[in-house]
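Asks: Sharing work15.pdb below, PDB, C-alpha atoms, pLDDT in the B column:
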```pdb
MODEL        1
ATOM      1  CA  MET K   1     -21.191 -10.036  25.344  1.00 49.00           C
ATOM      2  CA  ASN K   2     -21.375 -11.078  21.681  1.00 51.00           C
ATOM      3  CA  LYS K   3     -23.824  -8.261  20.975  1.00 48.00           C
ATOM      4  CA  MET K   4     -21.412  -5.753  22.553  1.00 45.00           C
ATOM      5  CA  MET K   5     -18.523  -7.013  20.381  1.00 44.00           C
ATOM      6  CA  LYS K   6     -20.640  -6.640  17.231  1.00 43.00           C
ATOM      7  CA  LEU K   7     -21.679  -3.128  18.203  1.00 41.00           C
ATOM      8  CA  SER K   8     -18.066  -2.165  18.865  1.00 45.00           C
ATOM      9  CA  SER K   9     -16.968  -3.603  15.524  1.00 45.00           C
ATOM     10  CA  VAL K  10     -19.691  -1.742  13.643  1.00 40.00           C
ATOM     11  CA  SER K  11     -18.807   1.507  15.414  1.00 43.00           C
ATOM     12  CA  LEU K  12     -15.124   1.093  14.607  1.00 42.00           C
ATOM     13  CA  LEU K  13     -15.916   0.353  10.971  1.00 40.00           C
ATOM     14  CA  ALA K  14     -18.122   3.450  10.717  1.00 41.00           C
ATOM     15  CA  LEU K  15     -15.405   5.663  12.182  1.00 40.00           C
ATOM     16  CA  THR K  16     -12.804   4.198   9.849  1.00 40.00           C
ATOM     17  CA  LEU K  17     -14.961   4.786   6.779  1.00 38.00           C
ATOM     18  CA  ALA K  18     -15.741   8.337   7.876  1.00 41.00           C
ATOM     19  CA  ALA K  19     -12.029   9.082   8.324  1.00 43.00           C
ATOM     20  CA  CYS K  20     -11.296   7.834   4.808  1.00 44.00           C
ATOM     21  CA  GLY K  21     -14.096   9.833   3.242  1.00 46.00           C
ATOM     22  CA  GLY K  22     -11.861  11.913   0.968  1.00 58.00           C
ATOM     23  CA  GLY K  23     -12.215  15.273   2.680  1.00 71.00           C
ATOM     24  CA  ALA K  24     -14.987  17.778   3.002  1.00 83.00           C
ATOM     25  CA  SER K  25     -17.649  18.828   0.538  1.00 90.00           C
ATOM     26  CA  TYR K  26     -17.590  22.461  -0.563  1.00 96.00           C
ATOM     27  CA  THR K  27     -19.816  24.848  -2.515  1.00 97.00           C
ATOM     28  CA  ASP K  28     -18.792  25.028  -6.181  1.00 98.00           C
ATOM     29  CA  GLY K  29     -17.012  28.191  -7.263  1.00 98.00           C
ATOM     30  CA  THR K  30     -13.670  29.967  -7.398  1.00 98.00           C
ATOM     31  CA  TYR K  31     -12.194  31.322  -4.188  1.00 98.00           C
ATOM     32  CA  THR K  32      -9.070  33.285  -3.286  1.00 98.00           C
ATOM     33  CA  GLY K  33      -7.028  33.293  -0.122  1.00 98.00           C
ATOM     34  CA  GLU K  34      -3.717  34.440   1.206  1.00 98.00           C
ATOM     35  CA  ALA K  35      -1.401  33.669   4.093  1.00 98.00           C
ATOM     36  CA  THR K  36       2.137  34.303   5.240  1.00 97.00           C
ATOM     37  CA  GLY K  37       4.876  31.900   4.252  1.00 96.00           C
ATOM     38  CA  PHE K  38       8.598  32.351   4.874  1.00 92.00           C
ATOM     39  CA  ASN K  39       8.541  35.910   3.519  1.00 90.00           C
ATOM     40  CA  GLU K  40       6.522  37.812   6.087  1.00 91.00           C
ATOM     41  CA  GLN K  41       6.304  40.952   3.929  1.00 93.00           C
ATOM     42  CA  ASP K  42       4.461  39.464   0.952  1.00 95.00           C
ATOM     43  CA  PRO K  43       1.764  36.805   1.454  1.00 97.00           C
ATOM     44  CA  ILE K  44       1.266  33.697  -0.639  1.00 98.00           C
ATOM     45  CA  GLN K  45      -1.901  34.206  -2.715  1.00 98.00           C
ATOM     46  CA  VAL K  46      -3.882  31.297  -4.143  1.00 98.00           C
ATOM     47  CA  THR K  47      -6.986  30.650  -6.204  1.00 98.00           C
ATOM     48  CA  VAL K  48      -8.947  27.511  -5.358  1.00 98.00           C
ATOM     49  CA  THR K  49     -11.559  26.073  -7.695  1.00 98.00           C
ATOM     50  CA  VAL K  50     -14.270  23.788  -6.343  1.00 98.00           C
ATOM     51  CA  ALA K  51     -16.319  21.620  -8.717  1.00 98.00           C
ATOM     52  CA  GLU K  52     -18.894  19.001  -7.773  1.00 97.00           C
ATOM     53  CA  GLY K  53     -18.207  19.736  -4.118  1.00 97.00           C
ATOM     54  CA  LYS K  54     -14.502  18.892  -4.311  1.00 97.00           C
ATOM     55  CA  ILE K  55     -11.271  20.829  -4.691  1.00 98.00           C
ATOM     56  CA  SER K  56     -10.564  20.611  -8.425  1.00 98.00           C
ATOM     57  CA  ASP K  57      -7.685  23.083  -8.829  1.00 98.00           C
ATOM     58  CA  ILE K  58      -5.300  25.155  -6.732  1.00 98.00           C
ATOM     59  CA  VAL K  59      -3.130  27.820  -8.335  1.00 98.00           C
ATOM     60  CA  VAL K  60      -0.461  29.760  -6.466  1.00 98.00           C
ATOM     61  CA  ASP K  61      -1.080  33.187  -8.007  1.00 98.00           C
ATOM     62  CA  SER K  62       1.736  35.072  -6.361  1.00 97.00           C
ATOM     63  CA  HIS K  63       4.402  34.670  -3.743  1.00 94.00           C
ATOM     64  CA  ALA K  64       7.675  36.235  -2.731  1.00 92.00           C
ATOM     65  CA  GLU K  65       9.189  33.052  -1.384  1.00 90.00           C
ATOM     66  CA  SER K  66      12.915  33.068  -2.080  1.00 80.00           C
ATOM     67  CA  LEU K  67      13.944  29.912  -3.807  1.00 69.00           C
ATOM     68  CA  GLY K  68      16.693  28.508  -1.650  1.00 61.00           C
ATOM     69  CA  HIS K  69      15.936  30.814   1.322  1.00 55.00           C
ATOM     70  CA  ASP K  70      17.583  30.223   4.658  1.00 56.00           C
ATOM     71  CA  GLY K  71      19.593  27.317   3.309  1.00 60.00           C
ATOM     72  CA  ALA K  72      16.499  25.436   2.107  1.00 58.00           C
ATOM     73  CA  PRO K  73      17.163  23.718  -1.208  1.00 67.00           C
ATOM     74  CA  GLU K  74      15.387  25.302  -4.158  1.00 81.00           C
ATOM     75  CA  THR K  75      13.675  22.035  -5.044  1.00 87.00           C
ATOM     76  CA  GLU K  76      11.875  21.848  -1.688  1.00 89.00           C
ATOM     77  CA  ILE K  77      10.485  25.372  -2.088  1.00 91.00           C
ATOM     78  CA  GLN K  78       9.279  24.524  -5.618  1.00 91.00           C
ATOM     79  CA  MET K  79       7.674  21.334  -4.299  1.00 93.00           C
ATOM     80  CA  ALA K  80       5.810  23.327  -1.651  1.00 96.00           C
ATOM     81  CA  LEU K  81       4.529  25.727  -4.318  1.00 96.00           C
ATOM     82  CA  GLU K  82       3.681  23.125  -6.974  1.00 95.00           C
ATOM     83  CA  GLU K  83       3.381  19.582  -5.639  1.00 96.00           C
ATOM     84  CA  LEU K  84       1.707  20.431  -2.331  1.00 97.00           C
ATOM     85  CA  PRO K  85      -1.319  22.029  -4.070  1.00 98.00           C
ATOM     86  CA  ALA K  86      -1.554  19.017  -6.404  1.00 98.00           C
ATOM     87  CA  THR K  87      -1.602  16.680  -3.401  1.00 98.00           C
ATOM     88  CA  MET K  88      -4.367  18.737  -1.768  1.00 98.00           C
ATOM     89  CA  VAL K  89      -6.446  18.471  -4.955  1.00 98.00           C
ATOM     90  CA  GLU K  90      -5.843  14.726  -5.183  1.00 98.00           C
ATOM     91  CA  LYS K  91      -6.844  14.146  -1.558  1.00 97.00           C
ATOM     92  CA  ASN K  92      -9.549  16.858  -1.438  1.00 97.00           C
ATOM     93  CA  THR K  93      -8.087  18.193   1.798  1.00 97.00           C
ATOM     94  CA  THR K  94      -5.476  20.571   3.135  1.00 97.00           C
ATOM     95  CA  ASP K  95      -4.606  18.049   5.805  1.00 98.00           C
ATOM     96  CA  VAL K  96      -1.445  16.899   4.047  1.00 98.00           C
ATOM     97  CA  ASP K  97       2.168  16.695   5.167  1.00 97.00           C
ATOM     98  CA  VAL K  98       4.393  19.730   4.701  1.00 97.00           C
ATOM     99  CA  ILE K  99       7.464  19.488   2.503  1.00 95.00           C
ATOM    100  CA  ALA K 100      10.579  18.854   4.615  1.00 92.00           C
ATOM    101  CA  GLY K 101      12.989  21.732   4.169  1.00 88.00           C
ATOM    102  CA  ALA K 102      10.185  24.137   3.227  1.00 91.00           C
ATOM    103  CA  THR K 103       8.012  24.120   6.315  1.00 94.00           C
ATOM    104  CA  TYR K 104       7.178  27.841   6.354  1.00 94.00           C
ATOM    105  CA  THR K 105       6.328  27.913   2.656  1.00 95.00           C
ATOM    106  CA  SER K 106       4.275  24.700   2.937  1.00 97.00           C
ATOM    107  CA  THR K 107       2.368  26.052   5.909  1.00 98.00           C
ATOM    108  CA  GLY K 108       1.756  29.313   4.059  1.00 98.00           C
ATOM    109  CA  VAL K 109       0.316  27.469   1.059  1.00 98.00           C
ATOM    110  CA  LYS K 110      -1.912  25.319   3.284  1.00 98.00           C
ATOM    111  CA  ASP K 111      -3.095  28.355   5.264  1.00 98.00           C
ATOM    112  CA  ALA K 112      -3.838  30.315   2.059  1.00 98.00           C
ATOM    113  CA  VAL K 113      -5.887  27.414   0.674  1.00 98.00           C
ATOM    114  CA  ASN K 114      -7.728  27.103   4.001  1.00 98.00           C
ATOM    115  CA  ALA K 115      -8.495  30.833   3.890  1.00 98.00           C
ATOM    116  CA  ALA K 116      -9.896  30.454   0.363  1.00 98.00           C
ATOM    117  CA  LEU K 117     -11.993  27.449   1.351  1.00 98.00           C
ATOM    118  CA  GLU K 118     -13.619  29.409   4.175  1.00 97.00           C
ATOM    119  CA  GLY K 119     -15.719  31.002   1.442  1.00 95.00           C
ATOM    120  CA  ALA K 120     -16.714  27.596   0.107  1.00 96.00           C
ATOM    121  CA  LYS K 121     -18.193  26.240   3.333  1.00 93.00           C
TER     122      LYS K 121
ENDMDL
END
```
Can the structure from this file be put into C-alpha coordinates for me?

Replies:
Amino acid sequence: MNKMMKLSSVSLLALTLAACGGGASYTDGTYTGEATGFNEQDPIQVTVTVAEGKISDIVVDSHAESLGHDGAPETEIQMALEELPATMVEKNTTDVDVIAGATYTSTGVKDAVNAALEGAK
(Lines of atoms letter the chains of each structure in order from A and count residues from 1; the text may use other names and numbers.)
(Lines give C-alpha, C1' and ligand atoms only; values in the text may rest on other atoms or scores of the structure.)
Protein backbone atom coordinates (compact mmCIF):
# COMPACT_ATOMS: atom_id res chain seq x y z
CA MET A 1 0.00 0.00 0.00
CA ASN A 2 2.82 2.41 0.89
CA LYS A 3 4.48 1.75 -2.46
CA MET A 4 1.21 2.57 -4.26
CA MET A 5 0.88 5.88 -2.36
CA LYS A 6 4.45 6.85 -3.31
CA LEU A 7 3.83 6.00 -6.95
CA SER A 8 0.63 8.05 -6.97
CA SER A 9 2.41 11.00 -5.37
CA VAL A 10 5.24 10.87 -7.89
CA SER A 11 2.78 10.66 -10.77
CA LEU A 12 0.80 13.63 -9.47
CA LEU A 13 3.97 15.66 -9.02
CA ALA A 14 5.10 14.87 -12.58
CA LEU A 15 1.74 15.93 -14.01
CA THR A 16 1.78 19.14 -11.99
CA LEU A 17 5.27 20.06 -13.16
CA ALA A 18 4.38 19.29 -16.77
CA ALA A 19 1.30 21.53 -16.55
CA CYS A 20 3.41 24.40 -15.23
CA GLY A 21 6.06 24.01 -17.90
CA GLY A 22 5.62 27.48 -19.40
CA GLY A 23 4.04 26.51 -22.70
CA ALA A 24 5.29 24.84 -25.82
CA SER A 25 8.64 25.05 -27.55
CA TYR A 26 8.63 26.46 -31.07
CA THR A 27 11.06 26.80 -33.98
CA ASP A 28 12.79 30.19 -33.97
CA GLY A 29 11.64 32.66 -36.61
CA THR A 30 9.02 35.24 -37.49
CA TYR A 31 5.53 34.07 -38.37
CA THR A 32 2.32 35.78 -39.47
CA GLY A 33 -1.28 34.81 -38.90
CA GLU A 34 -4.75 36.20 -39.16
CA ALA A 35 -8.19 35.49 -37.77
CA THR A 36 -11.60 37.08 -37.48
CA GLY A 37 -12.39 39.24 -34.49
CA PHE A 38 -15.54 41.32 -33.98
CA ASN A 39 -15.28 42.83 -37.47
CA GLU A 40 -15.97 39.90 -39.76
CA GLN A 41 -14.97 41.83 -42.90
CA ASP A 42 -11.35 42.57 -41.98
CA PRO A 43 -9.26 40.00 -40.07
CA ILE A 44 -6.87 40.73 -37.23
CA GLN A 45 -3.32 40.24 -38.56
CA VAL A 46 -0.38 39.53 -36.27
CA THR A 47 3.34 38.89 -36.46
CA VAL A 48 4.77 36.48 -33.89
CA THR A 49 8.49 36.25 -33.20
CA VAL A 50 9.94 33.11 -31.64
CA ALA A 51 13.43 33.16 -30.10
CA GLU A 52 15.13 30.36 -28.19
CA GLY A 53 12.02 28.24 -28.66
CA LYS A 54 9.69 30.70 -26.92
CA ILE A 55 7.28 33.41 -27.99
CA SER A 56 9.36 36.59 -27.68
CA ASP A 57 7.11 39.17 -29.36
CA ILE A 58 3.59 39.53 -30.73
CA VAL A 59 2.62 42.56 -32.79
CA VAL A 60 -0.92 43.25 -33.97
CA ASP A 61 -0.11 44.51 -37.47
CA SER A 62 -3.59 45.45 -38.56
CA HIS A 63 -7.18 45.23 -37.45
CA ALA A 64 -10.49 46.89 -38.12
CA GLU A 65 -11.85 46.41 -34.64
CA SER A 66 -14.02 49.39 -33.73
CA LEU A 67 -12.95 50.84 -30.45
CA GLY A 68 -16.08 50.86 -28.36
CA HIS A 69 -18.02 48.53 -30.73
CA ASP A 70 -21.33 47.08 -29.67
CA GLY A 71 -21.26 48.95 -26.39
CA ALA A 72 -17.89 47.49 -25.36
CA PRO A 73 -15.77 50.10 -23.60
CA GLU A 74 -12.82 51.34 -25.64
CA THR A 75 -10.37 50.35 -22.92
CA GLU A 76 -11.34 46.66 -23.12
CA ILE A 77 -10.77 46.59 -26.89
CA GLN A 78 -7.36 48.25 -26.44
CA MET A 79 -6.49 45.72 -23.73
CA ALA A 80 -7.36 42.86 -26.07
CA LEU A 81 -5.12 44.34 -28.77
CA GLU A 82 -2.20 45.33 -26.52
CA GLU A 83 -2.20 43.60 -23.14
CA LEU A 84 -3.42 40.20 -24.31
CA PRO A 85 -0.42 39.72 -26.65
CA ALA A 86 1.93 40.81 -23.84
CA THR A 87 0.38 38.21 -21.53
CA MET A 88 0.82 35.50 -24.18
CA VAL A 89 4.51 36.43 -24.51
CA GLU A 90 4.98 36.41 -20.74
CA LYS A 91 3.34 33.00 -20.35
CA ASN A 92 4.64 31.55 -23.65
CA THR A 93 1.14 30.34 -24.51
CA THR A 94 -2.08 31.46 -26.14
CA ASP A 95 -4.01 29.68 -23.42
CA VAL A 96 -4.83 32.88 -21.55
CA ASP A 97 -8.10 34.41 -20.43
CA VAL A 98 -9.96 36.70 -22.82
CA ILE A 99 -10.59 40.30 -21.86
CA ALA A 100 -14.10 40.71 -20.42
CA GLY A 101 -16.07 43.08 -22.62
CA ALA A 102 -13.93 42.29 -25.66
CA THR A 103 -14.48 38.59 -26.13
CA TYR A 104 -14.65 38.59 -29.94
CA THR A 105 -11.55 40.75 -30.30
CA SER A 106 -9.66 38.69 -27.70
CA THR A 107 -10.59 35.46 -29.42
CA GLY A 108 -9.55 36.92 -32.77
CA VAL A 109 -6.13 37.88 -31.40
CA LYS A 110 -5.64 34.44 -29.84
CA ASP A 111 -6.74 32.68 -33.03
CA ALA A 112 -4.43 34.85 -35.18
CA VAL A 113 -1.47 34.06 -32.91
CA ASN A 114 -2.36 30.35 -33.00
CA ALA A 115 -2.48 30.51 -36.81
CA ALA A 116 0.98 32.11 -36.86
CA LEU A 117 2.39 29.53 -34.46
CA GLU A 118 1.24 26.69 -36.71
CA GLY A 119 4.26 27.56 -38.83
CA ALA A 120 6.54 27.35 -35.81
CA LYS A 121 5.67 23.79 -34.80

Asks: Check the smallest atom-to-atom distance from each of K:Leu81, K:Val60, K:Val50, K:Ile55 to Thr94 of chain K using all atoms listed in the file, then report the winner.

Replies: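 Using all atoms listed in the file, Thr94 of chain K sits closest to K:Ile55.
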
Asks: By how many Å are atom CA of Met88 of chain K and atom CA of Ser62 of chain K apart?

Replies: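 Result for atom CA of Met88 of chain K versus atom CA of Ser62 of chain K: 18.0 Å, one decimal.
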
Asks: Report the residues retrieved by the PyMOL selection byres ((chain K and resi 32) around 12) from the displayed file, expressed as a ChimeraX atom specification.

Replies: /K:29-31,33-35,44-50,57-62,109,111-120

Asks: Residues picked by the PyMOL selection byres ((chain K and resi 65) around 12) here, as a PyMOL selection string?

Replies: chain K and resi 35-45+60+62-64+66-70+72+74+76-78+80-81+102-106+108-109

Asks: Which residues are close to Asp95 of chain K, i.e. within 12 Å by all atoms listed in the file, leaving aside same-chain residues fewer than 2 positions away? Reply as a VMD selection string.

Replies: chain K and resid 19 22 to 24 84 to 85 87 to 93 97 to 98 106 to 107 109 to 111 113 to 114

Asks: Give the padded box for segment 46-65 of chain K as lines of an AutoDock Vina configuration file: axis-aligned, covering all atoms listed in the file, 5 Å on each side, centre and edge lengths in Å to one decimal.

Replies:
```
center_x = -4.9
center_y = 27.6
center_z = -5.1
size_x = 38.1
size_y = 27.3
size_z = 17.4
```

Asks: For the provided coordinates, the residues matched by the PyMOL selection byres ((chain K and resi 52) around 10) should be stated as a list in words.

Replies: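 Those residues are Ser25, Tyr26, Thr27, Asp28, Gly29, Val50, Ala51, Gly53, Lys54, Ile55 and Ser56 of chain K.
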